[in-house]
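Peer 1: So I've got this file, work.txt, and it contains compact mmCIF, C-alpha atoms:
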# COMPACT_ATOMS: atom_id res chain seq x y z
CA MET A 1 88.75 90.65 69.42
CA ASN A 2 86.76 92.89 71.76
CA ARG A 3 84.74 94.98 69.29
CA LEU A 4 83.03 96.92 72.08
CA TYR A 5 86.19 98.62 73.41
CA PRO A 6 84.88 102.19 73.84
CA HIS A 7 88.23 103.98 73.52
CA PRO A 8 90.07 105.35 70.46
CA ILE A 9 93.17 103.46 69.30
CA ILE A 10 95.19 106.58 70.20
CA ALA A 11 94.45 107.42 73.85
CA ARG A 12 92.84 110.80 74.51
CA GLU A 13 95.52 111.47 77.15
CA GLY A 14 98.02 111.81 74.30
CA TRP A 15 96.09 114.06 71.94
CA PRO A 16 97.56 117.35 73.31
CA PHE A 17 101.12 115.95 73.02
CA ILE A 18 100.58 114.58 69.52
CA GLY A 19 98.77 117.68 68.31
CA GLY A 20 101.36 120.01 69.78
CA GLY A 21 104.22 117.98 68.33
CA LEU A 22 102.61 117.94 64.89
CA VAL A 23 102.03 121.71 64.85
CA LEU A 24 105.61 122.44 65.95
CA SER A 25 106.98 119.96 63.40
CA LEU A 26 105.11 121.66 60.56
CA LEU A 27 106.11 125.16 61.66
CA VAL A 28 109.79 124.29 62.10
CA SER A 29 109.76 122.39 58.80
CA ALA A 30 108.46 125.48 57.03
CA CYS A 31 111.12 127.68 58.58
CA CYS A 32 114.16 125.46 59.04
CA GLY A 33 113.74 122.36 56.89
CA TRP A 34 115.71 119.40 58.30
CA TRP A 35 116.13 121.12 61.66
CA SER A 36 112.57 120.01 62.30
CA LEU A 37 113.65 116.33 62.47
CA PRO A 38 113.73 116.16 66.34
CA PHE A 39 110.17 117.50 66.44
CA TRP A 40 108.98 114.86 63.99
CA ILE A 41 110.73 112.15 66.03
CA PHE A 42 108.93 113.35 69.18
CA THR A 43 105.59 113.36 67.35
CA VAL A 44 106.08 109.78 66.13
CA PHE A 45 107.19 108.72 69.61
CA ALA A 46 104.09 110.27 71.21
CA LEU A 47 101.91 108.60 68.60
CA GLN A 48 103.22 105.11 69.46
CA PHE A 49 103.35 105.77 73.21
CA PHE A 50 99.69 106.71 73.48
CA ARG A 51 98.34 103.84 71.40
CA ASP A 52 95.59 101.89 73.16
CA PRO A 53 94.48 98.91 71.06
CA ALA A 54 91.54 96.65 71.93
CA ARG A 55 92.56 93.17 73.12
CA GLU A 56 91.02 89.70 73.36
CA ILE A 57 89.89 89.22 77.00
CA PRO A 58 90.16 85.73 78.58
CA GLN A 59 86.96 84.92 80.51
CA ASP A 60 88.32 82.24 82.88
CA PRO A 61 86.92 83.39 86.27
CA GLU A 62 90.07 82.21 88.10
CA ALA A 63 92.45 84.08 85.76
CA ILE A 64 94.16 87.25 87.01
CA LEU A 65 94.98 89.23 83.87
CA SER A 66 97.96 91.51 83.36
CA PRO A 67 96.72 95.11 83.65
CA VAL A 68 99.48 96.41 81.36
CA ASP A 69 102.13 95.50 78.79
CA GLY A 70 105.67 95.11 80.10
CA ARG A 71 108.21 92.84 81.78
CA ILE A 72 107.86 90.90 85.05
CA VAL A 73 110.33 92.22 87.64
CA VAL A 74 108.90 90.72 90.87
CA VAL A 75 107.21 87.41 91.74
CA GLU A 76 107.44 86.79 95.49
CA ARG A 77 105.66 86.53 98.84
CA ALA A 78 105.43 90.01 100.34
CA ARG A 79 103.37 92.15 102.69
CA ASP A 80 100.47 94.01 101.14
CA PRO A 81 101.08 97.47 102.68
CA TYR A 82 97.49 98.56 102.03
CA ARG A 83 95.77 95.61 103.73
CA ASP A 84 98.61 94.64 106.11
CA THR A 85 98.40 90.97 105.10
CA GLU A 86 100.71 88.43 103.48
CA ALA A 87 100.28 88.33 99.71
CA LEU A 88 101.69 87.11 96.42
CA LYS A 89 103.28 90.16 94.80
CA ILE A 90 103.68 90.36 91.01
CA SER A 91 105.14 93.54 89.48
CA VAL A 92 105.12 94.56 85.82
CA PHE A 93 107.62 97.18 84.62
CA MET A 94 106.66 99.29 81.59
CA ASN A 95 109.24 101.03 79.42
CA VAL A 96 108.39 103.97 77.17
CA PHE A 97 107.59 101.65 74.24
CA ASN A 98 104.84 99.72 76.05
CA VAL A 99 101.10 100.47 76.04
CA HIS A 100 100.49 102.50 79.20
CA SER A 101 96.74 102.34 79.72
CA GLN A 102 95.76 100.22 82.74
CA LYS A 103 92.98 97.64 82.55
CA SER A 104 91.19 95.84 85.38
CA PRO A 105 92.71 92.37 85.96
CA VAL A 106 89.39 90.84 87.19
CA ASP A 107 85.68 91.44 87.55
CA CYS A 108 85.51 93.29 90.85
CA THR A 109 84.07 96.02 93.04
CA VAL A 110 86.40 98.85 94.07
CA THR A 111 86.41 99.21 97.86
CA ALA A 112 89.00 102.01 98.16
CA VAL A 113 91.41 104.15 96.15
CA GLU A 114 94.52 105.41 97.98
CA TYR A 115 96.91 107.97 96.49
CA ASN A 116 100.39 108.53 97.97
CA LYS A 117 102.83 111.25 97.01
CA GLY A 118 106.44 110.19 96.60
CA LYS A 119 109.65 110.23 94.61
CA PHE A 120 110.25 109.46 90.94
CA LEU A 121 112.92 106.75 91.15
CA ASN A 122 113.50 104.25 88.35
CA ALA A 123 110.35 102.10 88.43
CA ASP A 124 112.49 98.99 87.79
CA LEU A 125 113.85 99.22 91.37
CA ASP A 126 112.16 97.34 94.23
CA LYS A 127 112.06 100.43 96.46
CA ALA A 128 109.91 102.20 93.87
CA SER A 129 106.94 100.26 95.31
CA THR A 130 107.22 102.08 98.63
CA GLU A 131 109.01 105.36 97.82
CA ASN A 132 107.60 106.52 94.48
CA GLU A 133 104.37 108.37 93.81
CA ARG A 134 101.65 105.70 93.57
CA ASN A 135 97.93 105.08 93.45
CA ALA A 136 96.42 101.89 94.88
CA VAL A 137 93.06 100.38 93.94
CA LEU A 138 91.71 97.96 96.57
CA ALA A 139 89.06 95.67 95.14
CA THR A 140 86.96 92.61 95.95
CA THR A 141 86.05 89.97 93.39
CA ALA A 142 82.52 88.66 92.93
CA SER A 143 83.39 85.61 95.08
CA GLY A 144 84.81 87.78 97.89
CA ARG A 145 88.56 87.53 97.24
CA GLU A 146 90.51 90.71 98.03
CA ILE A 147 93.20 92.00 95.64
CA THR A 148 95.20 95.21 95.33
CA PHE A 149 96.66 96.72 92.17
CA VAL A 150 98.94 99.74 92.38
CA GLN A 151 99.97 102.28 89.73
CA VAL A 152 103.55 103.39 90.44
CA ALA A 153 105.19 106.41 88.79
CA GLY A 154 108.67 106.05 87.32
CA LEU A 155 111.79 108.05 86.53
CA VAL A 156 110.18 109.83 83.59
CA ALA A 157 106.51 109.33 84.50
CA ARG A 158 105.11 112.40 86.23
CA ARG A 159 101.38 111.88 86.06
CA ILE A 160 99.22 109.01 87.34
CA LEU A 161 95.64 109.08 86.09
CA CYS A 162 92.95 106.96 87.76
CA TYR A 163 89.33 107.03 86.59
CA THR A 164 87.68 104.75 89.16
CA LYS A 165 86.57 105.28 92.75
CA ALA A 166 85.23 103.37 95.74
CA GLY A 167 81.89 101.65 95.12
CA GLU A 168 82.29 101.31 91.36
CA LYS A 169 82.36 97.96 89.57
CA LEU A 170 85.06 97.06 87.05
CA THR A 171 84.86 94.28 84.48
CA ARG A 172 87.97 92.39 83.43
CA GLY A 173 89.79 94.28 80.70
CA GLU A 174 87.99 97.54 81.47
CA ARG A 175 90.24 100.59 81.24
CA TYR A 176 90.60 102.37 84.60
CA GLY A 177 93.80 104.44 84.39
CA PHE A 178 96.86 105.72 82.55
CA ILE A 179 100.45 106.60 83.51
CA ARG A 180 102.46 108.94 81.31
CA PHE A 181 105.97 107.92 80.20
CA GLY A 182 107.39 104.80 81.90
CA SER A 183 106.20 103.20 85.15
CA ARG A 184 105.12 99.93 86.82
CA VAL A 185 102.08 98.20 88.28
CA ASP A 186 102.25 96.10 91.47
CA MET A 187 99.69 93.35 92.07
CA TYR A 188 99.02 91.96 95.57
CA LEU A 189 97.03 88.71 95.50
CA PRO A 190 95.94 86.24 98.21
CA VAL A 191 98.71 83.78 99.12
CA ASP A 192 96.85 80.81 97.59
CA ALA A 193 97.11 82.41 94.13
CA GLN A 194 99.31 80.43 91.71
CA ALA A 195 101.70 82.57 89.64
CA GLN A 196 101.70 81.78 85.92
CA VAL A 197 104.69 84.01 85.08
CA ALA A 198 108.34 84.32 86.15
CA ILE A 199 110.79 87.20 86.49
CA GLY A 200 111.94 88.37 83.08
CA ASP A 201 108.81 87.26 81.20
CA LYS A 202 107.28 89.76 78.78
CA VAL A 203 103.52 90.15 79.21
CA THR A 204 100.75 91.69 77.15
CA GLY A 205 98.03 93.69 78.87
CA VAL A 206 94.76 91.75 79.25
CA ARG A 207 95.94 88.82 77.10
CA THR A 208 98.52 87.42 79.55
CA VAL A 209 97.33 85.55 82.66
CA LEU A 210 99.57 86.57 85.57
CA ALA A 211 98.12 84.13 88.11
CA ARG A 212 95.23 81.83 88.87
CA LEU A 213 93.20 82.58 91.98
CA PRO A 214 90.68 80.05 93.34
CA LEU A 215 87.21 81.56 93.63
CA GLN A 216 86.97 80.53 97.29
CA ALA A 217 89.59 80.97 100.00
CA PRO A 218 90.94 77.76 101.60
CA GLU A 219 89.16 76.75 104.79
CA ALA A 220 90.99 77.28 108.07
CA ALA A 221 92.31 74.14 109.78
CA VAL A 222 90.11 72.76 112.62
CA PRO A 223 91.29 70.71 115.64
CA THR A 224 91.01 66.92 115.16
CA GLU A 225 88.81 64.73 117.37
CA THR A 226 91.92 62.93 118.66
CA THR A 227 93.38 66.22 119.90
CA SER A 228 90.08 67.21 121.53
CA ALA A 229 89.75 63.82 123.26
CA ALA A 230 93.30 63.97 124.55
CA GLN A 231 92.69 67.46 125.92
CA ALA A 232 89.45 66.25 127.59
CA GLU A 233 91.25 63.34 129.30
CA THR A 234 93.97 65.60 130.68
CA PRO A 235 93.00 66.73 134.24
CA ALA A 236 93.08 70.43 134.96
CA PRO A 237 95.60 71.62 137.61
CA ALA A 238 92.80 72.33 140.08
CA GLN A 239 91.35 68.83 139.62
CA ALA A 240 94.78 67.23 140.15
CA ALA A 241 95.32 69.22 143.36
CA ALA A 242 91.90 68.20 144.70
CA GLU A 243 92.66 64.53 144.06
CA VAL A 244 95.94 64.81 146.03
CA VAL A 245 94.20 66.46 149.03
CA GLN A 246 91.49 63.76 149.04
CA SER A 247 94.05 60.94 149.09
CA GLU A 248 95.90 62.56 152.03
CA ILE A 249 92.64 62.86 154.02
CA GLU A 250 91.80 59.21 153.42
CA ALA A 251 95.30 58.14 154.53
CA ALA A 252 95.02 60.17 157.78
CA ALA A 253 91.60 58.65 158.52
CA ASP A 254 93.02 55.15 158.09
CA LYS A 255 95.80 55.93 160.60
CA VAL A 256 93.28 57.22 163.19
CA ARG A 257 91.07 54.15 162.73
CA ASN A 258 94.04 51.79 163.14
CA ALA A 259 95.20 53.59 166.30
CA ALA A 260 91.73 53.37 167.86
CA GLU A 261 91.44 49.66 167.14
CA GLN A 262 94.87 49.06 168.66
CA SER A 263 93.96 50.92 171.91
CA LEU A 264 90.77 48.82 172.31
CA LYS A 265 92.76 45.62 172.05
CA ASP A 266 95.11 46.78 174.76
Take the structure in this file and express it as structure tokens.
Peer 2:
Amino acid sequence: MNRLYPHPIIAREGWPFIGGGLVLSLLVSACCGWWSLPFWIFTVFALQFFRDPAREIPQDPEAILSPVDGRIVVVERARDPYRDTEALKISVFMNVFNVHSQKSPVDCTVTAVEYNKGKFLNADLDKASTENERNAVLATTASGREITFVQVAGLVARRILCYTKAGEKLTRGERYGFIRFGSRVDMYLPVDAQAQVAIGDKVTGVRTVLARLPLQAPEAAVPTETTSAAQAETPAPAQAAAEVVQSEIEAAADKVRNAAEQSLKD
């Protein structure tokens, strides 16, 4: 267990909701008795929603950790809209009963944070990735691999909180954000990443490994010596034309020489 997790087990983001619910519950209880039951239910709900327990953090440098609790709804090749490159996309949907604090999936340096206004569609839908309110963190790992993780608001979620900015370093498992009341997180990884989860799997923030990403990118293919030699042996169009002209000149010279010899004999 990570004993150095510097956050309370009940996230500070929820203290106003929990405190307000508790005060209202007590007041309504004093005045109306059992009519206070809905207020107590809300207070208990807020208490469980804003929980933020410490977790064991895997230290495998190739492991991409799940930034949140939830259910896998997307595992596919897709276009990273923030880097305009092909990527492996893995999306985690969070319902209102999941832990909603976001943790860094890797040790990395934040290169940019991009916020986009949008709608509040059901976060379980694919179009939520491009139409809903969202906040993207673009980061680079210590070995130079580029990844993107995006907080996406949902049908009930109305507030995305992000506590990191460009130039800051994040360690794996470090808390960097929070989304209130139901949402999703999209991960865009290099195409050589190997997914370790499938659609429908339930994942636990920080504990679950979503994918394995090699520390170094694969080397680009280089032309073989056979191909280079074949290209070198192939004459260029200009060279071929010059050879044709030379052969025609030599043929004409032979005809002139033969004609001259014939006239001398006569």
Peer 1: Please report as CSV every residue of region 65-118 of chain A lying within 10 Å of region 38-55 of chain A, along with the nearest atom pair and their distance in Å (one decimal), using only C-alpha atoms.
Peer 2:
residue,atom,partner,partner_atom,distance
A:Asn95,CA,A:Phe49,CA,9.8
A:Val96,CA,A:Phe49,CA,6.7
A:Phe97,CA,A:Phe49,CA,6.0
A:Asn98,CA,A:Phe49,CA,6.8
A:Val99,CA,A:Arg51,CA,6.4
A:His100,CA,A:Phe50,CA,7.1
A:Ser101,CA,A:Asp52,CA,6.7
A:Gln102,CA,A:Asp52,CA,9.7
Peer 1: Of the candidates A:Ser66, A:Thr130, A:Ser29, A:Thr140, which shows the shortest atom-to-atom distance to Leu170 (chain A), using all atoms listed in the file?
Peer 2: A:Thr140
Peer 1: Using all atoms listed in the file, which of A:Val75, A:Val113, A:Leu37, A:Ala87 sits nearest Lys165 (chain A)?
Peer 2: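 Comparing A:Val75, A:Val113, A:Leu37, A:Ala87 against Lys165 (chain A), the winner is A:Val113.
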Peer 1: Which residue gives the smallest distance to Met187 (chain A) among A:Val150, A:Ile10, A:Ala63, A:Leu213, with only C-alpha atoms counted?
Peer 2: A:Val150
Peer 1: Just how far from CA of Asp186 (chain A) is CA of Leu65 (chain A), in Å to one decimal?
Peer 2: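 Computing it gives 12.6 Å between the two atoms.
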Peer 1: So that all listed atoms of region 50-56 of chain A fit with 6 Å spare on each side, what axis-aligned box centre and edge lengths in Å, to one decimal, would you give as AutoDock Vina command-line options?
Peer 2:
--center_x 95.4 --center_y 98.2 --center_z 72.3 --size_x 20.7 --size_y 29.0 --size_z 14.4
Peer 1: List the spatial neighbours of Ile160 (chain A) as a short mmCIF file (atom, residue, chain, number, x, y, z; two decimals) with C-alpha atoms, keeping the file's coordinate frame - criterion: any atom at most 8 Å away, all atoms listed in the file, same-chain residues fewer than 3 positions off excluded.
Peer 2:
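This went into around.cif:
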data_model
loop_
_atom_site.label_atom_id
_atom_site.label_comp_id
_atom_site.auth_asym_id
_atom_site.auth_seq_id
_atom_site.Cartn_x
_atom_site.Cartn_y
_atom_site.Cartn_z
CA ARG A 134 101.65 105.70 93.57
CA ASN A 135 97.93 105.08 93.45
CA GLN A 151 99.97 102.28 89.73
CA VAL A 152 103.55 103.39 90.44
CA ALA A 153 105.19 106.41 88.79
CA ALA A 157 106.51 109.33 84.50
CA GLY A 177 93.80 104.44 84.39
CA PHE A 178 96.86 105.72 82.55
CA ILE A 179 100.45 106.60 83.51
CA ARG A 180 102.46 108.94 81.31
#
Peer 1: Write out as a tab-separated table a residue-level contact list of region 48-137 of chain A versus region 194-208 of chain A with cut-off 6 Å: for each qualifying residue the closest pair of atoms and the distance in Å to one decimal, counting all atoms listed in the file, rows sorted by chain and residue number upward.
Peer 2:
residue	atom	partner	partner_atom	distance
A:Ile57	CA	A:Val206	CA	5.9
A:Leu65	CA	A:Val206	CA	5.3
A:Ser66	CA	A:Gly205	CA	5.0
A:Pro67	CA	A:Gly205	CA	5.2
A:Val68	CA	A:Gly205	CA	4.0
A:Asp69	CA	A:Thr204	CA	4.4
A:Gly70	CA	A:Val203	CA	5.5
A:Arg71	CA	A:Lys202	CA	4.4
A:Ile72	CA	A:Ile199	CA	4.9
A:Val73	CA	A:Ile199	CA	5.2
A:Val74	CA	A:Ile199	CA	5.9
Peer 1: Rounded to one decimal in Å, what is the spacing between CA of Ala128 (chain A) and CA of Ala112 (chain A)?
Peer 2: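 Distance between the two atoms: 21.3 Å.
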Peer 1: Quote the spacing between CA of Thr109 (chain A) and CA of Ala166 (chain A) in Å to one decimal place.
Peer 2: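 Separating CA of Thr109 (chain A) from CA of Ala166 (chain A) is a distance of 7.9 Å.
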Peer 1: With distances taken over all atoms listed in the file, which of A:Ala142, A:Ile90, A:Leu215, A:Pro105 is nearest to Arg184 (chain A)?
Peer 2: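 Smallest distance to Arg184 (chain A) is found for A:Ile90.
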Peer 1: Pick from A:Ala136, A:Pro81, A:Ala193, A:Met94: nearest to Phe149 (chain A), with all atoms listed in the file counted?
Peer 2: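 Using all atoms listed in the file, Phe149 (chain A) sits closest to A:Ala136.
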Peer 1: Excluding same-chain residues fewer than 2 positions from Glu133 (chain A), what lies within 8 Å of it counting all atoms listed in the file, as a PyMOL selection string?
Peer 2: chain A and resi 115-120+131+135+152-153
Peer 1: Would you list the contacts of region 143-147 of chain A as a count of residues only, taking every protein, DNA or RNA residue within 10 Å and counting all atoms listed in the file, but skipping same-chain residues closer than 6 positions in sequence?
Peer 2: 23
Peer 1: Out of A:Leu26, A:Ala11, A:Leu210, A:Ile18, which residue has the shortest atom-to-atom distance to Val92 (chain A) when counting all atoms listed in the file?
Peer 2: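 Smallest separation from Val92 (chain A) among the options: A:Leu210.
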Peer 1: Counting all atoms listed in the file, find residues at most 10 Å from (87.9, 93.5, 75.8) (file frame) and give them as a list in words.
Peer 2: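 Neighbouring residues, ordered by chain and number, come to Met1, Asn2, Arg3, Leu4, Tyr5, Pro6, Pro53, Ala54, Arg55, Glu56, Ile57, Pro58, Gln59, Lys103, Thr171, Arg172, Gly173, Glu174, Arg175, Val206 and Arg207 of chain A.
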